[in-house]
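Chemist: Shown below is the structure under consideration.
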Amino acid sequence: MKNLKEIIIQIVQWGTTPKLPIENKELVLKQTLISLYQEYLAISGDIPEDEQEYPEAPEFSFEKISNTIRSNFPKLGFYQMILDPFEMTKPDNGLGDANDDLSDIIKDLMEVQWRFENTSDKDALWYFEFIMRNHSERHIVNILKTLKDLEEQS
């Protein structure tokens, strides 16, 4: 769990600290997202929900997170994606946004971080597993693919 907290801190900084002075940002981002995904897969499953009542997490500003990400990763933007990858005859394309993907992940992780600090470890782990399974996992996959595509384009 200590490792998960450290990974969350590393990822959240991309959306809270403008113009981070880190070399090879794209590589570091890929490494931390993969580490986060590994943590999720290691705990994935039936994590019991903490039945205690806690106050609601504060609302984190998506716009502020997105603008900060833009200062750290100006190349993260729109990309094309196939909406139904199993439609072989005439697949529909859609438009994704890597900045939006990372903003969603960071916003989710900020709430997990808040729960670690203000509720309980059990509540935070349950929420982490829930939010990854239902929301962030797809965003991680999309960003990793986008980072790979940008790398090949260079």
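For the structure tokens, the naming scheme is as follows: chains receive sequential letters (A, B, ...) according to their order of presentation, residues are indexed from 1 within each chain, and ligands are indexed from 1 in presentation order.
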Just the alpha helix (DSSP H) stuff from chain A, please, per backbone DSSP, written as an NGL selection string.
Modeler: :A and (2-16 or 25-43 or 62-72 or 98-118 or 121-131 or 137-153)
Chemist: Do you have, as a Markdown table, the list of residues of range 48-137 of chain A lying at most 12 Å from range 13-32 of chain A, each with its nearest atom pair and that distance in Å to one decimal, counting only C-alpha atoms and ordered by chain then number?
Modeler:
| residue | atom | partner | partner_atom | distance |
| --- | --- | --- | --- | --- |
| A:Phe60 | CA | A:Thr16 | CA | 10.5 |
| A:Ser61 | CA | A:Gly15 | CA | 10.1 |
| A:Phe62 | CA | A:Gly15 | CA | 9.2 |
| A:Glu63 | CA | A:Gly15 | CA | 9.9 |
| A:Lys64 | CA | A:Gly15 | CA | 7.7 |
| A:Ile65 | CA | A:Gly15 | CA | 4.5 |
| A:Ser66 | CA | A:Gly15 | CA | 6.7 |
| A:Asn67 | CA | A:Gly15 | CA | 7.8 |
| A:Thr68 | CA | A:Pro18 | CA | 5.0 |
| A:Ile69 | CA | A:Gly15 | CA | 5.0 |
| A:Arg70 | CA | A:Pro18 | CA | 8.4 |
| A:Ser71 | CA | A:Lys19 | CA | 5.4 |
| A:Asn72 | CA | A:Lys19 | CA | 5.0 |
| A:Phe73 | CA | A:Glu26 | CA | 7.8 |
| A:Pro74 | CA | A:Lys19 | CA | 10.2 |
| A:Lys75 | CA | A:Glu26 | CA | 9.8 |
| A:Leu76 | CA | A:Glu26 | CA | 9.8 |
| A:Asn99 | CA | A:Gly15 | CA | 10.1 |
| A:Asp100 | CA | A:Gly15 | CA | 11.1 |
| A:Asp101 | CA | A:Gly15 | CA | 11.7 |
| A:Leu102 | CA | A:Gly15 | CA | 8.3 |
| A:Ser103 | CA | A:Gly15 | CA | 7.0 |
| A:Asp104 | CA | A:Gly15 | CA | 10.0 |
| A:Ile105 | CA | A:Gly15 | CA | 9.7 |
| A:Ile106 | CA | A:Gly15 | CA | 6.5 |
| A:Lys107 | CA | A:Gly15 | CA | 8.4 |
| A:Asp108 | CA | A:Gly15 | CA | 11.4 |
| A:Leu109 | CA | A:Gly15 | CA | 10.5 |
| A:Met110 | CA | A:Gly15 | CA | 9.6 |
| A:Gln113 | CA | A:Gln13 | CA | 11.9 |
Chemist: Could the residues in this selection be saved with N, CA and C atoms as a PDB file, in the first residue's frame?
Modeler:
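File written: out06.pdb
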ATOM      1  N   PHE A  60     -12.478  18.503  -7.058  1.00  0.00           N
ATOM      2  CA  PHE A  60     -11.193  18.922  -7.611  1.00  0.00           C
ATOM      3  C   PHE A  60     -11.435  19.509  -8.995  1.00  0.00           C
ATOM      4  N   SER A  61     -10.785  20.624  -9.291  1.00  0.00           N
ATOM      5  CA  SER A  61     -11.026  21.360 -10.527  1.00  0.00           C
ATOM      6  C   SER A  61     -10.428  20.653 -11.740  1.00  0.00           C
ATOM      7  N   PHE A  62     -11.298  20.103 -12.575  1.00  0.00           N
ATOM      8  CA  PHE A  62     -10.858  19.440 -13.799  1.00  0.00           C
ATOM      9  C   PHE A  62     -10.101  20.418 -14.700  1.00  0.00           C
ATOM     10  N   GLU A  63     -10.612  21.626 -14.821  1.00  0.00           N
ATOM     11  CA  GLU A  63      -9.986  22.624 -15.695  1.00  0.00           C
ATOM     12  C   GLU A  63      -8.567  22.967 -15.240  1.00  0.00           C
ATOM     13  N   LYS A  64      -8.393  23.135 -13.951  1.00  0.00           N
ATOM     14  CA  LYS A  64      -7.065  23.449 -13.413  1.00  0.00           C
ATOM     15  C   LYS A  64      -6.103  22.276 -13.641  1.00  0.00           C
ATOM     16  N   ILE A  65      -6.578  21.067 -13.408  1.00  0.00           N
ATOM     17  CA  ILE A  65      -5.757  19.877 -13.642  1.00  0.00           C
ATOM     18  C   ILE A  65      -5.364  19.809 -15.114  1.00  0.00           C
ATOM     19  N   SER A  66      -6.335  19.978 -16.006  1.00  0.00           N
ATOM     20  CA  SER A  66      -6.095  19.903 -17.441  1.00  0.00           C
ATOM     21  C   SER A  66      -5.084  20.955 -17.901  1.00  0.00           C
ATOM     22  N   ASN A  67      -5.205  22.174 -17.418  1.00  0.00           N
ATOM     23  CA  ASN A  67      -4.270  23.237 -17.786  1.00  0.00           C
ATOM     24  C   ASN A  67      -2.859  22.937 -17.292  1.00  0.00           C
ATOM     25  N   THR A  68      -2.765  22.362 -16.114  1.00  0.00           N
ATOM     26  CA  THR A  68      -1.446  22.017 -15.566  1.00  0.00           C
ATOM     27  C   THR A  68      -0.823  20.890 -16.380  1.00  0.00           C
ATOM     28  N   ILE A  69      -1.617  19.907 -16.748  1.00  0.00           N
ATOM     29  CA  ILE A  69      -1.113  18.817 -17.596  1.00  0.00           C
ATOM     30  C   ILE A  69      -0.604  19.385 -18.911  1.00  0.00           C
ATOM     31  N   ARG A  70      -1.346  20.315 -19.469  1.00  0.00           N
ATOM     32  CA  ARG A  70      -0.947  20.930 -20.739  1.00  0.00           C
ATOM     33  C   ARG A  70       0.440  21.579 -20.610  1.00  0.00           C
ATOM     34  N   SER A  71       0.749  22.156 -19.442  1.00  0.00           N
ATOM     35  CA  SER A  71       2.068  22.769 -19.251  1.00  0.00           C
ATOM     36  C   SER A  71       3.173  21.719 -19.151  1.00  0.00           C
ATOM     37  N   ASN A  72       2.812  20.526 -18.710  1.00  0.00           N
ATOM     38  CA  ASN A  72       3.798  19.449 -18.576  1.00  0.00           C
ATOM     39  C   ASN A  72       3.895  18.564 -19.819  1.00  0.00           C
ATOM     40  N   PHE A  73       2.785  18.427 -20.533  1.00  0.00           N
ATOM     41  CA  PHE A  73       2.735  17.561 -21.716  1.00  0.00           C
ATOM     42  C   PHE A  73       1.994  18.261 -22.855  1.00  0.00           C
ATOM     43  N   PRO A  74       2.630  19.257 -23.485  1.00  0.00           N
ATOM     44  CA  PRO A  74       1.934  20.005 -24.536  1.00  0.00           C
ATOM     45  C   PRO A  74       1.550  19.152 -25.748  1.00  0.00           C
ATOM     46  N   LYS A  75       2.202  18.012 -25.952  1.00  0.00           N
ATOM     47  CA  LYS A  75       1.892  17.165 -27.105  1.00  0.00           C
ATOM     48  C   LYS A  75       0.669  16.273 -26.879  1.00  0.00           C
ATOM     49  N   LEU A  76       0.223  16.142 -25.634  1.00  0.00           N
ATOM     50  CA  LEU A  76      -0.941  15.301 -25.372  1.00  0.00           C
ATOM     51  C   LEU A  76      -2.197  16.031 -25.816  1.00  0.00           C
ATOM     52  N   ASN A  99      -5.091  14.463 -23.072  1.00  0.00           N
ATOM     53  CA  ASN A  99      -5.086  15.393 -21.938  1.00  0.00           C
ATOM     54  C   ASN A  99      -6.295  15.122 -21.050  1.00  0.00           C
ATOM     55  N   ASP A 100      -7.437  14.909 -21.666  1.00  0.00           N
ATOM     56  CA  ASP A 100      -8.655  14.590 -20.928  1.00  0.00           C
ATOM     57  C   ASP A 100      -8.505  13.257 -20.184  1.00  0.00           C
ATOM     58  N   ASP A 101      -7.905  12.262 -20.839  1.00  0.00           N
ATOM     59  CA  ASP A 101      -7.680  10.967 -20.198  1.00  0.00           C
ATOM     60  C   ASP A 101      -6.838  11.124 -18.937  1.00  0.00           C
ATOM     61  N   LEU A 102      -5.719  11.832 -19.066  1.00  0.00           N
ATOM     62  CA  LEU A 102      -4.835  12.009 -17.914  1.00  0.00           C
ATOM     63  C   LEU A 102      -5.490  12.871 -16.841  1.00  0.00           C
ATOM     64  N   SER A 103      -6.257  13.871 -17.250  1.00  0.00           N
ATOM     65  CA  SER A 103      -6.976  14.701 -16.275  1.00  0.00           C
ATOM     66  C   SER A 103      -7.955  13.862 -15.467  1.00  0.00           C
ATOM     67  N   ASP A 104      -8.679  12.973 -16.140  1.00  0.00           N
ATOM     68  CA  ASP A 104      -9.612  12.091 -15.428  1.00  0.00           C
ATOM     69  C   ASP A 104      -8.886  11.184 -14.445  1.00  0.00           C
ATOM     70  N   ILE A 105      -7.775  10.609 -14.875  1.00  0.00           N
ATOM     71  CA  ILE A 105      -7.002   9.731 -13.986  1.00  0.00           C
ATOM     72  C   ILE A 105      -6.536  10.501 -12.762  1.00  0.00           C
ATOM     73  N   ILE A 106      -5.970  11.676 -12.974  1.00  0.00           N
ATOM     74  CA  ILE A 106      -5.444  12.461 -11.861  1.00  0.00           C
ATOM     75  C   ILE A 106      -6.560  12.881 -10.924  1.00  0.00           C
ATOM     76  N   LYS A 107      -7.676  13.297 -11.472  1.00  0.00           N
ATOM     77  CA  LYS A 107      -8.810  13.683 -10.627  1.00  0.00           C
ATOM     78  C   LYS A 107      -9.268  12.498  -9.769  1.00  0.00           C
ATOM     79  N   ASP A 108      -9.360  11.322 -10.376  1.00  0.00           N
ATOM     80  CA  ASP A 108      -9.712  10.113  -9.623  1.00  0.00           C
ATOM     81  C   ASP A 108      -8.688   9.823  -8.528  1.00  0.00           C
ATOM     82  N   LEU A 109      -7.410   9.930  -8.874  1.00  0.00           N
ATOM     83  CA  LEU A 109      -6.358   9.634  -7.901  1.00  0.00           C
ATOM     84  C   LEU A 109      -6.306  10.669  -6.779  1.00  0.00           C
ATOM     85  N   MET A 110      -6.675  11.901  -7.083  1.00  0.00           N
ATOM     86  CA  MET A 110      -6.727  12.919  -6.033  1.00  0.00           C
ATOM     87  C   MET A 110      -7.782  12.545  -4.991  1.00  0.00           C
ATOM     88  N   GLN A 113      -6.295   9.701  -2.957  1.00  0.00           N
ATOM     89  CA  GLN A 113      -5.334  10.299  -2.034  1.00  0.00           C
ATOM     90  C   GLN A 113      -6.055  10.976  -0.865  1.00  0.00           C
TER      91      GLN A 113
END
Chemist: For each of A:Met132, A:Leu147, A:Ile140, A:Leu4, take the minimum atom-to-atom distance to Gly45 in chain A, counting only C-alpha atoms, then give the residue where this is smallest.
Modeler: A:Met132
Chemist: Please measure the separation of CA of Ser154 in chain A and CA of Met81 in chain A, giving the value in Å to one decimal.
Modeler: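 According to the coordinates, CA of Ser154 in chain A and CA of Met81 in chain A are separated by 19.8 Å.
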Chemist: Given only C-alpha atoms as the basis, pick out the residue of A:Glu39, A:Asp121, A:Glu56, A:Glu51 nearest to Ile8 in chain A.
Modeler: A:Glu39
Chemist: Give me, as a list in words, the residues of range 33-153 of chain A that a backbone DSSP run labels strand (DSSP E or B).
Modeler: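 Across range 33-153 of chain A, those assigned strand (DSSP E or B) are Phe78, Tyr79, Gln80, Met81, Ile82, Asn93, Gly94, Leu95, Gly96 and Asp97 of chain A.
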Chemist: Mind dumping the selected residues with C-alpha atoms as a compact mmCIF listing (two decimals), in the first residue's frame?
Modeler:
# COMPACT_ATOMS: atom_id res chain seq x y z
CA PHE A 78 -6.56 14.56 -29.65
CA TYR A 79 -6.19 11.14 -31.19
CA GLN A 80 -8.35 8.87 -33.34
CA MET A 81 -9.70 5.62 -31.99
CA ILE A 82 -11.86 2.80 -33.23
CA ASN A 93 -13.79 6.05 -35.67
CA GLY A 94 -14.05 8.38 -32.73
CA LEU A 95 -11.99 11.15 -31.24
CA GLY A 96 -10.18 10.79 -27.94
CA ASP A 97 -8.20 13.33 -25.94
Chemist: Work out how far CA of Glu6 in chain A is from CA of Asp46 in chain A, in Å to one decimal.
Modeler: 23.0 Å
